[in-house]
Amino acid sequence: MKYPEIVIPVITGPTASGKSASALELCGMTGGELISCDSMQIYKHLDVGTAKATPDEQARIPHHMIDIINPGDDFNVSMYVEGCLNCIEDIIGRGKLPVICGGTGQYISALKDGISFEEDSDSDIITEQLYEEYRKEGIEGIYRRLAEADPESAEKIHPNNTRRVIRALAVYEATGKTKTERNQDSIKEGPLYNFRLFEVDYEDDRSILYDRINRRVDIMMDEGLEKEARYLYSLPIDRKTTCCQAIGYKEFLPLIDNEPGSTIERVAYEIKLNTRHFAKRQLTWFRYIDNIIKIDRNLNSKDQASFILDSIKK
């Protein structure tokens, strides 16, 4: 069953744009509960580098989809959508407003487009076979087959991104359909709810956003980001996992490994640079989202929340 009459706000924007403050204000105004849409806030113990809500904020406003897995555990967009929809159903069932907030494009697209994720045991079996081939012979032959079968996917996926190369080829070999064809099939039924997207807008002056990013990184460094990174890399997990390769953590590796010339100042510089590049990619993604409602960044968080509330009532 679909519920198009239920309007759920999705507050997004580039990193450090202030979207979380607006989401907290909106929850406060409505008695709502916040659902994180951030691919890093799902990890336990990684708080500073993921800009997770403070304990006081979490005590004041119920938060969902944060601290749900351990660093190194597997997680994907399908798992996020399932968890998020379960949270929405629970929150609505208690007469509250779900407020989704975050900047992970894959998660937002899956929700707003109503992407369905079919179980495919054949694909899983083929994936294991391809990983065995990769361990023995490398990725070159697998990538070459992907380029022949699904050139559109191959063009978008770097050959060194082993996981995505293998997954794309496994899907094709199991279904006979390219990733694009599968995506088109997956959105035929549409979204379960009326998700209304709001973006805190910095498109016209990125220098302001970049300054906010620089200042936030400085705050994170003061709040113990180095200690958090050292904890992460002390764990017995593969350094190629998603959390270990995340901006805000991976830049510490040369320092942790005592590489010559590495300094804490250099680490901070690299985090700021990489975060600014990431924000630029986010802004590009937002530009191609249909019907996204722009929020004036010059409004304070309370006024932004009021604007969102008025919009979802219309």
# chains A, B, ... in the order shown; residues from 1 in each chain; ligands from 1
>>> closest_atom_pairs(of="range 239-308 of chain A", to="range 48-52 of chain A", cutoff="10 Å", atoms="only C-alpha atoms", output="CSV")
residue,atom,partner,partner_atom,distance
A:Ala246,CA,A:Gly49,CA,9.2
A:Ile247,CA,A:Gly49,CA,8.3
A:Gly248,CA,A:Gly49,CA,5.7
A:Tyr249,CA,A:Gly49,CA,7.2
>>> closest_atom_pairs(of="range 84-174 of chain A", to="range 284-307 of chain A", cutoff="12 Å", atoms="only C-alpha atoms", output="tab-separated table")
residue	atom	partner	partner_atom	distance
A:Val99	CA	A:Ala305	CA	10.8
A:Gly103	CA	A:Phe286	CA	9.7
A:Thr104	CA	A:Trp285	CA	10.2
A:Gly105	CA	A:Trp285	CA	7.4
A:Gln106	CA	A:Trp285	CA	10.1
A:Ile108	CA	A:Ile289	CA	10.2
A:Ser109	CA	A:Ile289	CA	8.8
A:Lys112	CA	A:Ile289	CA	10.0
A:Asp113	CA	A:Asp290	CA	10.8
>>> select_by_dssp(residues="range 171-252 of chain A", states="strand (DSSP E or B)", output="list in words")
Tyr193, Asn194, Phe195, Arg196, Leu197, Phe198, Glu199, Val200 and Asp201 of chain A
>>> write_last_selection(atoms="C-alpha atoms", output="short mmCIF file (atom, residue, chain, number, x, y, z; two decimals), in the first residue's frame")
data_model
loop_
_atom_site.label_atom_id
_atom_site.label_comp_id
_atom_site.auth_asym_id
_atom_site.auth_seq_id
_atom_site.Cartn_x
_atom_site.Cartn_y
_atom_site.Cartn_z
CA TYR A 193 5.36 8.04 0.68
CA ASN A 194 5.31 11.60 -0.63
CA PHE A 195 8.93 12.53 0.06
CA ARG A 196 9.44 16.28 -0.33
CA LEU A 197 13.07 17.35 -0.73
CA PHE A 198 14.53 20.56 0.67
CA GLU A 199 18.08 21.76 -0.01
CA VAL A 200 19.94 24.36 2.01
CA ASP A 201 21.24 26.29 -0.99
#
>>> closest_atom_pairs(of="range 26-130 of chain A", to="range 151-173 of chain A", cutoff="8 Å", atoms="only C-alpha atoms", output="Markdown table")
| residue | atom | partner | partner_atom | distance |
| --- | --- | --- | --- | --- |
| A:Ser123 | CA | A:Ala170 | CA | 5.4 |
| A:Asp124 | CA | A:Ala170 | CA | 7.6 |
| A:Ile126 | CA | A:Ala170 | CA | 5.5 |
| A:Thr127 | CA | A:Ala170 | CA | 5.3 |
| A:Leu130 | CA | A:Ile166 | CA | 6.4 |
>>> write_last_selection(atoms="N, CA and C atoms", output="PDB file, in the first residue's frame")
ATOM      1  N   SER A 123      22.466 -13.999  -8.313  1.00  0.00           N
ATOM      2  CA  SER A 123      23.447 -12.920  -8.338  1.00  0.00           C
ATOM      3  C   SER A 123      24.461 -13.079  -7.206  1.00  0.00           C
ATOM      4  N   ASP A 124      23.995 -13.470  -6.039  1.00  0.00           N
ATOM      5  CA  ASP A 124      24.901 -13.670  -4.904  1.00  0.00           C
ATOM      6  C   ASP A 124      25.891 -14.796  -5.167  1.00  0.00           C
ATOM      7  N   ILE A 126      26.905 -15.867  -8.149  1.00  0.00           N
ATOM      8  CA  ILE A 126      27.839 -15.412  -9.184  1.00  0.00           C
ATOM      9  C   ILE A 126      28.846 -14.428  -8.593  1.00  0.00           C
ATOM     10  N   THR A 127      28.403 -13.592  -7.674  1.00  0.00           N
ATOM     11  CA  THR A 127      29.312 -12.651  -7.009  1.00  0.00           C
ATOM     12  C   THR A 127      30.448 -13.399  -6.321  1.00  0.00           C
ATOM     13  N   LEU A 130      32.851 -14.687  -8.899  1.00  0.00           N
ATOM     14  CA  LEU A 130      33.680 -13.619  -9.455  1.00  0.00           C
ATOM     15  C   LEU A 130      34.765 -13.189  -8.473  1.00  0.00           C
TER      16      LEU A 130
END
>>> select_by_dssp(residues="range 68-221 of chain A", states="helix (DSSP H, G or I)", output="ChimeraX atom specification")
/A:77-93,105-113,121-137,140-149,151-156,162-175,179-186,206-221
>>> closest_residue(among="A:Tyr80, A:Tyr3, A:Tyr210, A:Tyr202", to="Lys272 in chain A", atoms="only C-alpha atoms")
A:Tyr210
>>> atom_distance(atom1="CA of Ala59 in chain A", atom2="CA of Leu24 in chain A")
11.7 Å
>>> residues_around(residues="Ile264 in chain A", least_positions_apart="4", cutoff="12 Å", atoms="only C-alpha atoms", output="PyMOL selection string")
chain A and resi 218+221-222+225-227+251-256+258-259+268-271
>>> closest_residue(among="A:Leu283, A:Leu46, A:Ile88, A:Ala110", to="Thr15 in chain A", atoms="only C-alpha atoms")
A:Leu283
>>> closest_residue(among="A:Ser36, A:Ala21, A:Arg239, A:Gly83", to="Glu57 in chain A", atoms="only C-alpha atoms")
A:Ala21
>>> residues_around(residues="Ser207 in chain A", least_positions_apart="6", cutoff="12 Å", atoms="only C-alpha atoms", output="list of chain:residue names")
A:Ser17, A:Ile213, A:Asn214, A:Arg276, A:Ala279, A:Lys280
>>> closest_atom_pairs(of="range 199-233 of chain A", to="range 70-78 of chain A", cutoff="12 Å", atoms="only C-alpha atoms", output="JSON lines")
{"residue": "A:Glu228", "atom": "CA", "partner": "A:Pro71", "partner_atom": "CA", "distance": 11.8}
{"residue": "A:Ala229", "atom": "CA", "partner": "A:Pro71", "partner_atom": "CA", "distance": 11.5}
{"residue": "A:Tyr231", "atom": "CA", "partner": "A:Pro71", "partner_atom": "CA", "distance": 10.5}
{"residue": "A:Leu232", "atom": "CA", "partner": "A:Pro71", "partner_atom": "CA", "distance": 7.5}
{"residue": "A:Tyr233", "atom": "CA", "partner": "A:Pro71", "partner_atom": "CA", "distance": 10.0}
>>> residues_around(residues="Lys19 in chain A", least_positions_apart="6", cutoff="8 Å", atoms="only C-alpha atoms", output="PDB file with C-alpha atoms, in the first residue's frame")
ATOM      1  CA  ILE A  11      16.241  17.999   4.472  1.00  0.00           C
ATOM      2  CA  THR A  12      19.463  17.783   2.533  1.00  0.00           C
ATOM      3  CA  GLY A  13      22.324  19.931   1.354  1.00  0.00           C
ATOM      4  CA  CYS A 101      18.048  14.632   7.248  1.00  0.00           C
ATOM      5  CA  GLY A 102      21.328  13.916   5.500  1.00  0.00           C
ATOM      6  CA  VAL A 200      19.941  24.364   2.006  1.00  0.00           C
TER       7      VAL A 200
END
